[in-house]
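Note: the block below is my_file_28.txt and it holds compact mmCIF, C-alpha atoms.
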```
# COMPACT_ATOMS: atom_id res chain seq x y z
CA MET F 115 184.85 -53.83 -49.74
CA PRO F 116 183.97 -50.69 -51.69
CA ASP F 117 185.27 -50.92 -55.24
CA SER F 118 185.26 -47.17 -55.99
CA VAL F 119 188.94 -46.44 -55.59
CA PRO F 120 190.35 -46.96 -59.06
CA ASP F 121 192.47 -43.80 -59.04
CA GLU F 122 194.48 -44.69 -55.90
CA GLN F 123 198.06 -45.82 -56.26
CA PRO F 124 198.08 -49.37 -57.62
CA ARG F 125 199.67 -51.32 -54.73
CA ASP F 126 197.49 -49.74 -52.13
CA GLY F 127 196.41 -51.72 -49.05
CA ARG F 128 192.82 -51.93 -50.25
CA GLU F 129 193.88 -53.13 -53.66
CA ARG F 130 195.98 -55.83 -52.12
CA LEU F 131 193.09 -56.89 -49.87
CA LYS F 132 190.70 -57.03 -52.82
CA GLU F 133 193.24 -58.92 -54.80
CA ALA F 134 193.68 -61.39 -51.97
CA PHE F 135 189.92 -61.88 -51.73
CA ARG F 136 189.58 -62.50 -55.45
CA ARG F 137 192.60 -64.71 -55.96
CA PRO F 138 193.62 -66.36 -52.69
CA GLY F 139 197.17 -67.62 -52.84
CA ARG F 140 198.57 -70.79 -51.37
CA GLY F 141 199.95 -68.86 -48.41
CA GLN F 142 196.42 -68.10 -47.27
CA VAL F 143 195.89 -71.74 -46.38
CA VAL F 144 198.40 -71.50 -43.54
CA VAL F 145 196.82 -68.27 -42.39
CA ALA F 146 193.41 -69.94 -42.53
CA VAL F 147 194.58 -72.81 -40.38
CA LEU F 148 196.03 -70.48 -37.76
CA LEU F 149 192.94 -68.26 -37.79
CA ALA F 150 190.81 -71.36 -37.37
CA ALA F 151 192.89 -72.18 -34.31
CA VAL F 152 192.34 -68.66 -32.98
CA GLY F 153 188.59 -68.83 -33.53
CA PHE F 154 188.40 -72.26 -32.00
CA GLY F 155 190.41 -71.21 -28.96
CA ALA F 156 188.48 -68.00 -28.48
CA VAL F 157 185.09 -69.68 -28.65
CA THR F 158 186.27 -72.43 -26.32
CA GLN F 159 187.52 -69.90 -23.84
CA VAL F 160 184.31 -67.88 -24.02
CA ASN F 161 182.29 -71.04 -23.37
CA ALA F 162 184.52 -72.09 -20.51
CA ASN F 163 184.32 -68.61 -19.05
CA GLU F 164 180.52 -68.55 -19.24
CA ASN F 165 180.05 -72.03 -17.81
CA ASN F 166 182.69 -71.76 -15.19
CA ASP F 167 181.28 -70.17 -12.08
CA THR F 168 183.22 -72.42 -9.73
CA TYR F 169 186.73 -71.97 -8.46
CA ALA F 170 188.02 -74.97 -10.45
CA GLY F 171 190.24 -73.02 -12.85
CA TYR F 172 191.65 -70.61 -10.30
CA ARG F 173 195.34 -70.32 -9.55
CA GLN F 174 196.49 -71.31 -6.11
CA GLN F 175 197.30 -67.68 -5.30
CA ASP F 176 193.88 -66.52 -6.48
CA LEU F 177 192.23 -69.17 -4.34
CA ILE F 178 194.25 -68.10 -1.32
CA ASP F 179 193.34 -64.47 -1.98
CA ALA F 180 189.65 -65.32 -2.33
CA LEU F 181 189.78 -67.42 0.80
CA SER F 182 191.49 -64.78 2.90
CA GLY F 183 189.11 -62.17 1.52
CA LEU F 184 186.16 -64.28 2.61
CA ALA F 185 187.78 -64.95 5.97
CA GLY F 186 188.32 -61.23 6.49
CA ALA F 187 184.75 -60.46 5.49
CA SER F 188 183.34 -63.08 7.83
CA GLU F 189 185.63 -61.83 10.60
CA ARG F 190 184.36 -58.31 10.09
CA ALA F 191 180.77 -59.53 10.00
CA ARG F 192 181.32 -61.49 13.19
CA SER F 193 182.76 -58.52 15.06
CA GLU F 194 179.91 -56.40 13.74
CA ILE F 195 177.44 -58.97 15.10
CA GLU F 196 179.25 -58.93 18.42
CA ARG F 197 179.14 -55.16 18.58
CA LEU F 198 175.44 -55.07 17.74
CA GLU F 199 174.62 -57.76 20.28
CA GLN F 200 176.55 -55.80 22.89
CA SER F 201 174.62 -52.63 22.18
CA ARG F 202 171.37 -54.62 22.16
CA ALA F 203 172.22 -56.00 25.59
CA ASP F 204 173.06 -52.48 26.75
CA LEU F 205 169.75 -51.17 25.50
CA LEU F 206 167.82 -54.05 27.07
CA ASP F 207 169.63 -53.46 30.35
CA ARG F 208 168.85 -49.77 30.24
CA THR F 209 165.20 -50.45 29.39
CA GLU F 210 165.01 -52.92 32.25
CA ARG F 211 166.45 -50.46 34.71
CA ARG F 212 164.17 -47.72 33.49
CA ARG F 213 161.16 -50.00 33.84
CA ALA F 214 162.20 -50.96 37.37
CA ALA F 215 162.61 -47.30 38.29
CA LEU F 216 159.26 -46.52 36.74
CA GLU F 217 157.59 -49.35 38.64
CA GLN F 218 159.13 -48.18 41.87
CA ALA F 219 158.05 -44.63 41.24
CA GLN F 220 154.54 -45.82 40.37
CA GLN F 221 154.43 -47.87 43.57
CA GLU F 222 155.52 -44.88 45.59
CA ALA F 223 152.99 -42.70 43.88
CA ASP F 224 150.25 -45.25 44.65
CA ASP F 225 151.30 -45.38 48.28
CA LEU F 226 151.36 -41.61 48.50
CA THR F 227 147.96 -41.18 46.87
CA VAL F 228 146.54 -43.59 49.47
CA LEU F 229 148.19 -41.74 52.32
CA ALA F 230 147.20 -38.37 50.91
CA GLY F 231 143.61 -39.56 50.55
CA LEU F 232 143.43 -38.95 46.81
CA VAL F 233 141.90 -42.32 45.88
CA PRO F 234 139.10 -44.46 47.31
CA VAL F 235 140.51 -47.46 49.11
CA SER F 236 139.22 -50.66 50.67
CA GLY F 237 140.74 -53.27 52.90
CA PRO F 238 140.57 -54.90 56.33
CA GLY F 239 139.80 -52.61 59.20
CA LEU F 240 137.12 -51.50 61.65
CA THR F 241 133.91 -49.53 61.62
CA ILE F 242 133.42 -47.57 64.83
CA ARG F 243 130.03 -46.12 65.73
CA LEU F 244 130.19 -43.30 68.25
CA ALA F 245 127.50 -41.53 70.24
CA ASP F 246 124.35 -43.35 69.25
CA GLU F 247 123.45 -41.81 72.56
CA GLY F 248 125.16 -38.94 74.40
CA THR F 249 127.80 -36.62 73.00
CA VAL F 250 131.45 -37.04 72.39
CA SER F 251 133.93 -34.35 73.31
CA ILE F 252 136.39 -33.19 70.70
CA ASN F 253 139.22 -34.35 72.88
CA SER F 254 137.91 -37.91 72.87
CA MET F 255 137.54 -37.71 69.10
CA LEU F 256 141.10 -36.46 68.67
CA ASP F 257 142.30 -39.10 71.09
CA LEU F 258 140.55 -41.78 69.05
CA VAL F 259 142.05 -40.59 65.76
CA GLN F 260 145.46 -40.22 67.37
CA GLU F 261 145.41 -43.74 68.74
CA LEU F 262 144.17 -45.18 65.43
CA ARG F 263 147.04 -43.50 63.63
CA SER F 264 149.51 -44.74 66.21
CA ALA F 265 148.22 -48.25 65.57
CA GLY F 266 148.98 -47.91 61.89
CA ALA F 267 145.67 -46.79 60.40
CA GLU F 268 146.17 -46.18 56.69
CA ALA F 269 142.91 -44.46 55.78
CA ILE F 270 140.28 -42.93 58.04
CA GLU F 271 136.87 -41.60 57.04
CA ILE F 272 134.18 -40.03 59.24
CA ASP F 273 130.47 -40.37 58.43
CA GLY F 274 131.28 -41.17 54.81
CA GLN F 275 131.84 -37.42 54.33
CA VAL F 276 135.35 -36.52 55.43
CA ARG F 277 138.59 -38.28 54.66
CA LEU F 278 141.14 -37.68 57.39
CA VAL F 279 144.51 -36.74 55.97
CA VAL F 280 147.61 -35.03 57.25
CA SER F 281 146.09 -31.55 57.06
CA SER F 282 142.72 -32.45 58.58
CA ALA F 283 141.56 -30.17 61.38
CA PHE F 284 138.94 -30.70 64.11
CA GLU F 285 136.87 -27.90 65.47
CA ALA F 286 134.18 -27.88 68.15
CA THR F 287 131.29 -25.53 67.36
CA GLU F 288 127.95 -24.96 68.91
CA GLU F 289 126.21 -26.98 66.20
CA GLY F 290 128.58 -29.87 66.65
CA LEU F 291 131.85 -31.25 65.40
CA VAL F 292 133.36 -29.63 62.32
CA VAL F 293 136.10 -31.53 60.51
CA ASP F 294 137.81 -29.82 57.59
CA GLY F 295 134.94 -27.38 57.42
CA VAL F 296 132.25 -30.05 57.26
CA LEU F 297 129.68 -30.10 60.01
CA LEU F 298 129.15 -33.65 61.26
CA GLU F 299 126.25 -34.88 63.32
CA ALA F 300 126.05 -37.67 65.81
CA PRO F 301 126.18 -40.59 65.57
CA TYR F 302 129.62 -40.53 64.06
CA VAL F 303 130.72 -43.51 62.01
CA VAL F 304 134.47 -43.83 61.70
CA ASP F 305 135.69 -46.17 58.95
CA VAL F 306 139.33 -47.05 59.41
CA ILE F 307 141.57 -49.31 57.35
CA GLY F 308 144.48 -50.99 59.07
CA GLU F 309 145.46 -54.13 60.95
CA PRO F 310 142.12 -54.86 62.77
CA SER F 311 143.51 -56.41 65.94
CA ALA F 312 146.05 -53.62 66.36
CA LEU F 313 143.33 -51.02 65.84
CA ARG F 314 141.05 -52.77 68.28
CA GLY F 315 143.83 -52.82 70.86
CA ALA F 316 144.49 -49.12 70.29
CA ILE F 317 140.86 -48.34 71.05
CA SER F 318 140.23 -50.56 74.02
CA PHE F 319 143.30 -50.36 76.22
CA PRO F 320 142.61 -49.06 79.75
CA GLY F 321 142.41 -45.27 79.75
CA GLY F 322 142.22 -45.32 75.94
CA PRO F 323 139.69 -43.79 73.58
CA GLU F 324 136.98 -46.25 74.52
CA ASP F 325 137.22 -45.24 78.15
CA SER F 326 137.34 -41.53 77.43
CA VAL F 327 134.32 -41.75 75.12
CA GLU F 328 132.41 -43.61 77.79
CA ASP F 329 133.57 -41.02 80.35
CA ASP F 330 131.96 -38.42 78.09
CA GLY F 331 128.74 -40.37 78.55
CA ALA F 332 128.56 -41.57 74.95
CA THR F 333 128.34 -45.06 73.50
CA ILE F 334 130.97 -46.66 71.34
CA ALA F 335 130.51 -49.78 69.23
CA VAL F 336 133.28 -51.42 67.26
CA GLU F 337 132.48 -53.70 64.34
CA GLN F 338 134.87 -55.60 62.11
CA PRO F 339 133.37 -56.05 58.65
CA GLU F 340 134.98 -58.26 56.02
CA THR F 341 136.26 -55.23 54.13
CA VAL F 342 136.01 -51.57 54.96
CA GLU F 343 135.31 -49.19 52.11
CA VAL F 344 136.70 -45.67 52.31
CA GLU F 345 134.99 -43.89 49.45
CA THR F 346 135.57 -40.21 50.10
CA VAL F 347 138.62 -38.58 48.66
CA VAL F 348 140.43 -35.31 49.05
CA THR F 349 140.49 -33.39 45.79
CA GLU F 350 143.91 -32.81 44.40
CA SER F 351 143.64 -29.03 44.63
CA ASP F 352 142.85 -29.32 48.30
CA ALA F 353 145.73 -31.70 48.83
CA ALA F 354 148.29 -29.56 47.03
CA PRO F 355 150.19 -27.30 49.43
CA ASP F 356 149.86 -23.59 48.68
CA LEU F 357 152.89 -22.25 50.46
CA ALA F 358 155.22 -25.01 51.46
CA GLU F 359 157.99 -25.64 48.93
CA PRO F 360 160.33 -28.57 49.05
CA VAL F 361 163.85 -27.63 50.13
CA GLU F 362 166.58 -29.24 48.06
CA MET Q 597 189.03 -65.35 -48.59
CA ILE Q 598 190.41 -68.63 -47.42
CA ALA Q 599 191.69 -66.89 -44.28
CA VAL Q 600 188.23 -65.58 -43.40
CA LEU Q 601 186.77 -69.00 -44.13
CA GLY Q 602 189.36 -70.52 -41.79
CA LEU Q 603 188.33 -68.14 -39.00
CA LEU Q 604 184.65 -69.02 -39.52
CA VAL Q 605 185.44 -72.74 -39.55
CA GLY Q 606 187.29 -72.38 -36.25
CA VAL Q 607 184.42 -70.51 -34.61
CA VAL Q 608 181.86 -73.02 -35.86
CA LEU Q 609 183.99 -75.94 -34.71
CA GLY Q 610 184.28 -74.40 -31.27
CA LEU Q 611 180.53 -73.83 -31.08
CA VAL Q 612 179.69 -77.32 -32.29
CA LEU Q 613 182.22 -79.31 -30.30
CA GLN Q 614 182.01 -77.25 -27.12
CA PRO Q 615 185.23 -78.77 -25.82
CA ASP Q 616 186.14 -78.67 -22.16
CA VAL Q 617 189.31 -76.80 -21.40
CA PRO Q 618 191.77 -79.10 -19.62
CA LEU Q 619 192.25 -77.89 -16.06
CA GLY Q 620 195.99 -77.45 -16.47
CA LEU Q 621 195.54 -75.20 -19.50
CA GLU Q 622 192.79 -73.08 -18.06
CA PRO Q 623 194.96 -70.14 -16.94
CA TYR Q 624 196.87 -70.08 -20.24
CA LEU Q 625 194.12 -70.30 -22.84
CA PRO Q 626 192.86 -66.72 -22.47
CA ILE Q 627 196.40 -65.35 -22.67
CA ALA Q 628 197.13 -67.55 -25.68
CA VAL Q 629 193.97 -66.35 -27.43
CA VAL Q 630 194.87 -62.71 -26.86
CA ALA Q 631 198.41 -63.33 -28.08
CA ALA Q 632 197.07 -65.05 -31.19
CA LEU Q 633 194.72 -62.14 -31.83
CA ASP Q 634 197.70 -59.81 -31.61
CA ALA Q 635 199.60 -61.95 -34.12
CA ALA Q 636 196.60 -62.03 -36.46
CA PHE Q 637 196.20 -58.26 -36.41
CA GLY Q 638 199.93 -57.88 -36.88
CA GLY Q 639 199.73 -60.17 -39.90
CA LEU Q 640 196.86 -58.21 -41.40
CA ARG Q 641 198.79 -55.00 -40.92
CA ALA Q 642 201.86 -56.48 -42.57
CA PHE Q 643 199.71 -57.69 -45.45
CA LEU Q 644 198.32 -54.22 -45.97
CA ASP Q 645 201.84 -52.79 -45.76
CA GLY Q 646 202.82 -55.22 -48.48
CA ILE Q 647 205.45 -56.92 -46.39
CA PHE Q 648 203.41 -60.01 -45.46
CA ASP Q 649 205.22 -63.31 -45.45
CA ASP Q 650 203.77 -66.73 -44.61
CA LYS Q 651 206.74 -67.95 -42.67
CA VAL Q 652 207.10 -64.80 -40.64
CA PHE Q 653 203.42 -64.89 -39.85
CA VAL Q 654 203.45 -68.52 -38.70
CA ILE Q 655 206.55 -68.03 -36.61
CA SER Q 656 205.30 -64.82 -35.02
CA PHE Q 657 201.91 -66.41 -34.33
CA VAL Q 658 203.37 -69.51 -32.68
CA SER Q 659 206.05 -67.65 -30.77
CA ASN Q 660 203.52 -65.06 -29.54
CA VAL Q 661 201.28 -67.77 -28.17
CA VAL Q 662 204.11 -69.80 -26.68
CA ILE Q 663 205.84 -66.83 -25.07
CA ALA Q 664 202.64 -65.48 -23.62
CA ALA Q 665 201.78 -68.86 -22.14
CA ALA Q 666 205.33 -69.31 -20.92
CA ILE Q 667 205.37 -65.96 -19.17
CA VAL Q 668 202.17 -66.83 -17.37
CA TYR Q 669 203.50 -70.28 -16.52
CA VAL Q 670 206.68 -68.83 -15.07
CA GLY Q 671 204.60 -66.27 -13.22
CA ASP Q 672 202.52 -69.06 -11.73
CA ARG Q 673 205.65 -70.86 -10.58
CA LEU Q 674 206.96 -67.66 -9.04
CA GLY Q 675 203.64 -66.88 -7.36
CA VAL Q 676 202.93 -63.76 -9.41
CA GLY Q 677 200.82 -65.43 -12.12
CA GLY Q 678 197.88 -63.08 -11.72
CA GLN Q 679 200.00 -59.95 -11.99
CA LEU Q 680 202.02 -61.26 -14.95
CA SER Q 681 198.83 -62.26 -16.79
CA THR Q 682 197.59 -58.71 -16.31
CA GLY Q 683 200.90 -57.34 -17.58
CA VAL Q 684 200.87 -59.57 -20.67
CA ILE Q 685 197.26 -58.66 -21.43
CA VAL Q 686 198.09 -54.96 -21.14
CA VAL Q 687 201.08 -55.20 -23.48
CA LEU Q 688 199.20 -57.28 -26.04
CA GLY Q 689 196.23 -54.94 -25.80
CA ILE Q 690 198.43 -51.95 -26.56
CA ARG Q 691 199.94 -53.78 -29.55
CA ILE Q 692 196.51 -54.75 -30.84
CA PHE Q 693 195.40 -51.14 -30.60
CA SER Q 694 198.41 -49.84 -32.52
CA ASN Q 695 198.05 -52.58 -35.18
CA VAL Q 696 194.36 -51.85 -35.60
CA ALA Q 697 195.18 -48.14 -35.89
CA ALA Q 698 197.60 -48.91 -38.75
CA ILE Q 699 195.05 -51.18 -40.44
CA ARG Q 700 192.44 -48.46 -40.13
CA ARG Q 701 194.77 -45.95 -41.77
CA HIS Q 702 195.28 -48.33 -44.66
CA LEU Q 703 191.64 -49.17 -45.20
CA PHE Q 704 190.02 -45.81 -44.59
CA HIS Q 705 192.99 -43.47 -45.09
CA ALA Q 706 192.09 -41.98 -41.75
```
Go ahead and render the structure in this file as structure tokens.
Amino acid sequence: MPDSVPDEQPRDGRERLKEAFRRPGRGQVVVAVLLAAVGFGAVTQVNANENNDTYAGYRQQDLIDALSGLAGASERARSEIERLEQSRADLLDRTERRRAALEQAQQEADDLTVLAGLVPVSGPGLTIRLADEGTVSINSMLDLVQELRSAGAEAIEIDGQVRLVVSSAFEATEEGLVVDGVLLEAPYVVDVIGEPSALRGAISFPGGPEDSVEDDGATIAVEQPETVEVETVVTESDAAPDLAEPVE
Amino acid sequence: MIAVLGLLVGVVLGLVLQPDVPLGLEPYLPIAVVAALDAAFGGLRAFLDGIFDDKVFVISFVSNVVIAAAIVYVGDRLGVGGQLSTGVIVVLGIRIFSNVAAIRRHLFHA
């Protein structure tokens, strides 16, 4: 305590405190005992509070509150998990459907590129040699192509130069046969991919292409290689229609 | 002097012995300590006012502690122990603040 207050009134609080410090009375013993109890209790409680991280000292009500709080939290977490799993399943489902649609579209596109002659293809089929000797009329040629298509030919190529597609056109000129603007010379080699026996039947039935080619005075030879390669393709710009628009 | 020594002795005893609080007393000890602190500050204020009396101090100290613990006990029986503890702590806190304010006025004249 500062001792620089001599001019205050004599029985001032500070004076009394200083007096008590200098000459402790008998009454202070009781106070000391009680203060010792306070200090002891406070330190004990602080220790207990620091060491006690369990629920041992909790009241019943506090325990119930804590328990129901935890139960509520876990309930909320569980419903959150459920919701998230649901949306995950939704997303997976949607992805699956989109992938299936994509695969289907890809498959269709592949089929269409084959039919439109945009890609080289190979597969079982026939190789037909025409007119090693003699000449073939354009009618016989058209008849042959027509019958091959009726028998399910999927890709047809002539002389390794022209791929026959939906817009292919035949023309008879003085120089020879012109298909899609390409002049072809005998002998003509027709590579066709399709079911071989069906194709063979479409060629050789009585009054069919074989007969009409022979009536023209030309030879026809049908071979069935292991696989037929159709290498020529129609360029995409040629395949794209200029005028026709799809109608919704 | 002796009073301050007593406080120190209590703290040291608590630190040295590190007693375990009995489970049954655990909810009441903190309340009892706060009540005792209130009584101690009240006693100091009375001393500075010049109206300190041993007997009054002892009785107020003991009754403070007992009543505080009793209120909490009754609250526990009634199922509102937590709320009553909070209430007791608030009241005792307010009293401690006002006592300390009086003590401060005595010691620092401010």
Find the residues around Q:Gly683 up to 12 Å (all atoms listed in the file counted), leave out those fewer than 6 positions away in its own chain, and share them as a VMD selection string. chain Q and resid 627 664 667 to 668 671 676 to 677 689 to 690
Could you write out as a count of residues only the residues of chain Q within 9 Å of chain F, counting all atoms listed in the file? 54
Quick check, in Å to one decimal: how far apart do atom CA of F:Val233 and atom CA of F:Leu298 lie? 21.8 Å
Using only C-alpha atoms, which protein or nucleic acid residues come within 12 Å of F:Ala245? Drop anything in the same chain fewer than 2 positions from it, and give the result as a list of chain:residue names. F:Ile242, F:Arg243, F:Glu247, F:Gly248, F:Thr249, F:Val250, F:Ser251, F:Ser254, F:Met255, F:Glu299, F:Ala300, F:Pro301, F:Tyr302, F:Val303, F:Val304, F:Glu324, F:Val327, F:Glu328, F:Asp329, F:Asp330, F:Gly331, F:Ala332, F:Thr333, F:Ile334, F:Ala335, F:Val336
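Counting from atom CA of F:Asp207, the distance to atom CA of F:Ser188 is 28.1 Å.
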Quick one: residues within 12 Å of F:Val292, all atoms listed in the file, excluding same-chain residues fewer than 2 positions away - as a compact mmCIF listing (two decimals) with C-alpha atoms, in the frame of the given file?
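Output file result_39.txt follows:
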```txt
# COMPACT_ATOMS: atom_id res chain seq x y z
CA SER F 251 133.93 -34.35 73.31
CA ILE F 252 136.39 -33.19 70.70
CA MET F 255 137.54 -37.71 69.10
CA ILE F 272 134.18 -40.03 59.24
CA ASP F 273 130.47 -40.37 58.43
CA GLN F 275 131.84 -37.42 54.33
CA VAL F 276 135.35 -36.52 55.43
CA SER F 282 142.72 -32.45 58.58
CA ALA F 283 141.56 -30.17 61.38
CA PHE F 284 138.94 -30.70 64.11
CA GLU F 285 136.87 -27.90 65.47
CA ALA F 286 134.18 -27.88 68.15
CA THR F 287 131.29 -25.53 67.36
CA GLU F 288 127.95 -24.96 68.91
CA GLU F 289 126.21 -26.98 66.20
CA GLY F 290 128.58 -29.87 66.65
CA ASP F 294 137.81 -29.82 57.59
CA GLY F 295 134.94 -27.38 57.42
CA VAL F 296 132.25 -30.05 57.26
CA LEU F 297 129.68 -30.10 60.01
CA LEU F 298 129.15 -33.65 61.26
CA GLU F 299 126.25 -34.88 63.32
CA ALA F 300 126.05 -37.67 65.81
CA TYR F 302 129.62 -40.53 64.06
```
Interatomic distance, atom CA of F:Asn165 to atom CA of F:Leu181 (Å, one decimal):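 Atom-to-atom, atom CA of F:Asn165 and atom CA of F:Leu181 are spaced 21.5 Å apart.
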Please rebuild stretch 125-133 of chain F with all heavy atoms and return the result as an mmCIF file, in the coordinates of the input.
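Ended up saving to result_18.cif:
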```cif
data_model
loop_
_atom_site.group_PDB
_atom_site.id
_atom_site.type_symbol
_atom_site.label_atom_id
_atom_site.label_comp_id
_atom_site.auth_asym_id
_atom_site.auth_seq_id
_atom_site.Cartn_x
_atom_site.Cartn_y
_atom_site.Cartn_z
ATOM 1 N N ARG F 125 199.428 -50.292 -55.748
ATOM 2 C CA ARG F 125 199.670 -51.320 -54.730
ATOM 3 C C ARG F 125 199.242 -50.806 -53.365
ATOM 4 O O ARG F 125 199.958 -50.919 -52.378
ATOM 5 C CB ARG F 125 201.154 -51.724 -54.731
ATOM 6 C CG ARG F 125 201.568 -52.431 -55.986
ATOM 7 C CD ARG F 125 200.670 -53.613 -56.304
ATOM 8 N NE ARG F 125 200.886 -54.736 -55.390
ATOM 9 C CZ ARG F 125 200.088 -55.792 -55.305
ATOM 10 N NH1 ARG F 125 199.000 -55.849 -56.044
ATOM 11 N NH2 ARG F 125 200.358 -56.772 -54.475
ATOM 12 N N ASP F 126 198.084 -50.260 -53.353
ATOM 13 C CA ASP F 126 197.490 -49.740 -52.130
ATOM 14 C C ASP F 126 196.993 -50.903 -51.275
ATOM 15 O O ASP F 126 196.760 -52.006 -51.770
ATOM 16 C CB ASP F 126 196.336 -48.808 -52.529
ATOM 17 C CG ASP F 126 195.536 -48.373 -51.334
ATOM 18 O OD1 ASP F 126 196.104 -47.631 -50.507
ATOM 19 O OD2 ASP F 126 194.373 -48.802 -51.229
ATOM 20 N N GLY F 127 196.843 -50.660 -49.967
ATOM 21 C CA GLY F 127 196.410 -51.720 -49.050
ATOM 22 C C GLY F 127 195.072 -52.314 -49.488
ATOM 23 O O GLY F 127 194.886 -53.523 -49.505
ATOM 24 N N ARG F 128 194.154 -51.444 -49.869
ATOM 25 C CA ARG F 128 192.820 -51.930 -50.250
ATOM 26 C C ARG F 128 192.907 -52.826 -51.476
ATOM 27 O O ARG F 128 192.266 -53.872 -51.561
ATOM 28 C CB ARG F 128 191.916 -50.754 -50.581
ATOM 29 C CG ARG F 128 191.571 -49.925 -49.366
ATOM 30 C CD ARG F 128 190.392 -49.049 -49.726
ATOM 31 N NE ARG F 128 190.367 -47.854 -48.897
ATOM 32 C CZ ARG F 128 189.358 -47.003 -48.892
ATOM 33 N NH1 ARG F 128 188.340 -47.212 -49.715
ATOM 34 N NH2 ARG F 128 189.381 -45.956 -48.127
ATOM 35 N N GLU F 129 193.723 -52.348 -52.420
ATOM 36 C CA GLU F 129 193.880 -53.130 -53.660
ATOM 37 C C GLU F 129 194.388 -54.517 -53.336
ATOM 38 O O GLU F 129 193.872 -55.523 -53.837
ATOM 39 C CB GLU F 129 194.865 -52.419 -54.591
ATOM 40 C CG GLU F 129 194.348 -51.104 -55.120
ATOM 41 C CD GLU F 129 193.136 -51.302 -56.028
ATOM 42 O OE1 GLU F 129 193.122 -52.304 -56.772
ATOM 43 O OE2 GLU F 129 192.197 -50.489 -55.951
ATOM 44 N N ARG F 130 195.408 -54.521 -52.475
ATOM 45 C CA ARG F 130 195.980 -55.830 -52.120
ATOM 46 C C ARG F 130 194.930 -56.716 -51.458
ATOM 47 O O ARG F 130 194.821 -57.895 -51.751
ATOM 48 C CB ARG F 130 197.169 -55.629 -51.177
ATOM 49 C CG ARG F 130 198.501 -55.583 -51.888
ATOM 50 C CD ARG F 130 199.624 -55.843 -50.904
ATOM 51 N NE ARG F 130 199.705 -54.767 -49.920
ATOM 52 C CZ ARG F 130 200.326 -53.628 -50.141
ATOM 53 N NH1 ARG F 130 200.945 -53.407 -51.293
ATOM 54 N NH2 ARG F 130 200.355 -52.709 -49.212
ATOM 55 N N LEU F 131 194.109 -56.104 -50.580
ATOM 56 C CA LEU F 131 193.090 -56.890 -49.870
ATOM 57 C C LEU F 131 192.079 -57.451 -50.860
ATOM 58 O O LEU F 131 191.713 -58.630 -50.821
ATOM 59 C CB LEU F 131 192.388 -55.996 -48.852
ATOM 60 C CG LEU F 131 191.741 -56.718 -47.665
ATOM 61 C CD1 LEU F 131 192.785 -57.545 -46.929
ATOM 62 C CD2 LEU F 131 191.094 -55.728 -46.741
ATOM 63 N N LYS F 132 191.680 -56.571 -51.813
ATOM 64 C CA LYS F 132 190.700 -57.030 -52.820
ATOM 65 C C LYS F 132 191.297 -58.144 -53.668
ATOM 66 O O LYS F 132 190.657 -59.177 -53.929
ATOM 67 C CB LYS F 132 190.293 -55.867 -53.717
ATOM 68 C CG LYS F 132 189.056 -55.151 -53.179
ATOM 69 C CD LYS F 132 188.486 -54.202 -54.210
ATOM 70 C CE LYS F 132 189.296 -52.917 -54.246
ATOM 71 N NZ LYS F 132 188.750 -51.965 -55.244
ATOM 72 N N GLU F 133 192.531 -57.920 -53.996
ATOM 73 C CA GLU F 133 193.240 -58.920 -54.800
ATOM 74 C C GLU F 133 193.259 -60.245 -54.063
ATOM 75 O O GLU F 133 192.982 -61.313 -54.627
ATOM 76 C CB GLU F 133 194.675 -58.428 -55.049
ATOM 77 C CG GLU F 133 195.468 -59.261 -56.023
ATOM 78 C CD GLU F 133 194.990 -59.061 -57.466
ATOM 79 O OE1 GLU F 133 194.242 -58.088 -57.702
ATOM 80 O OE2 GLU F 133 195.334 -59.903 -58.315
#
```
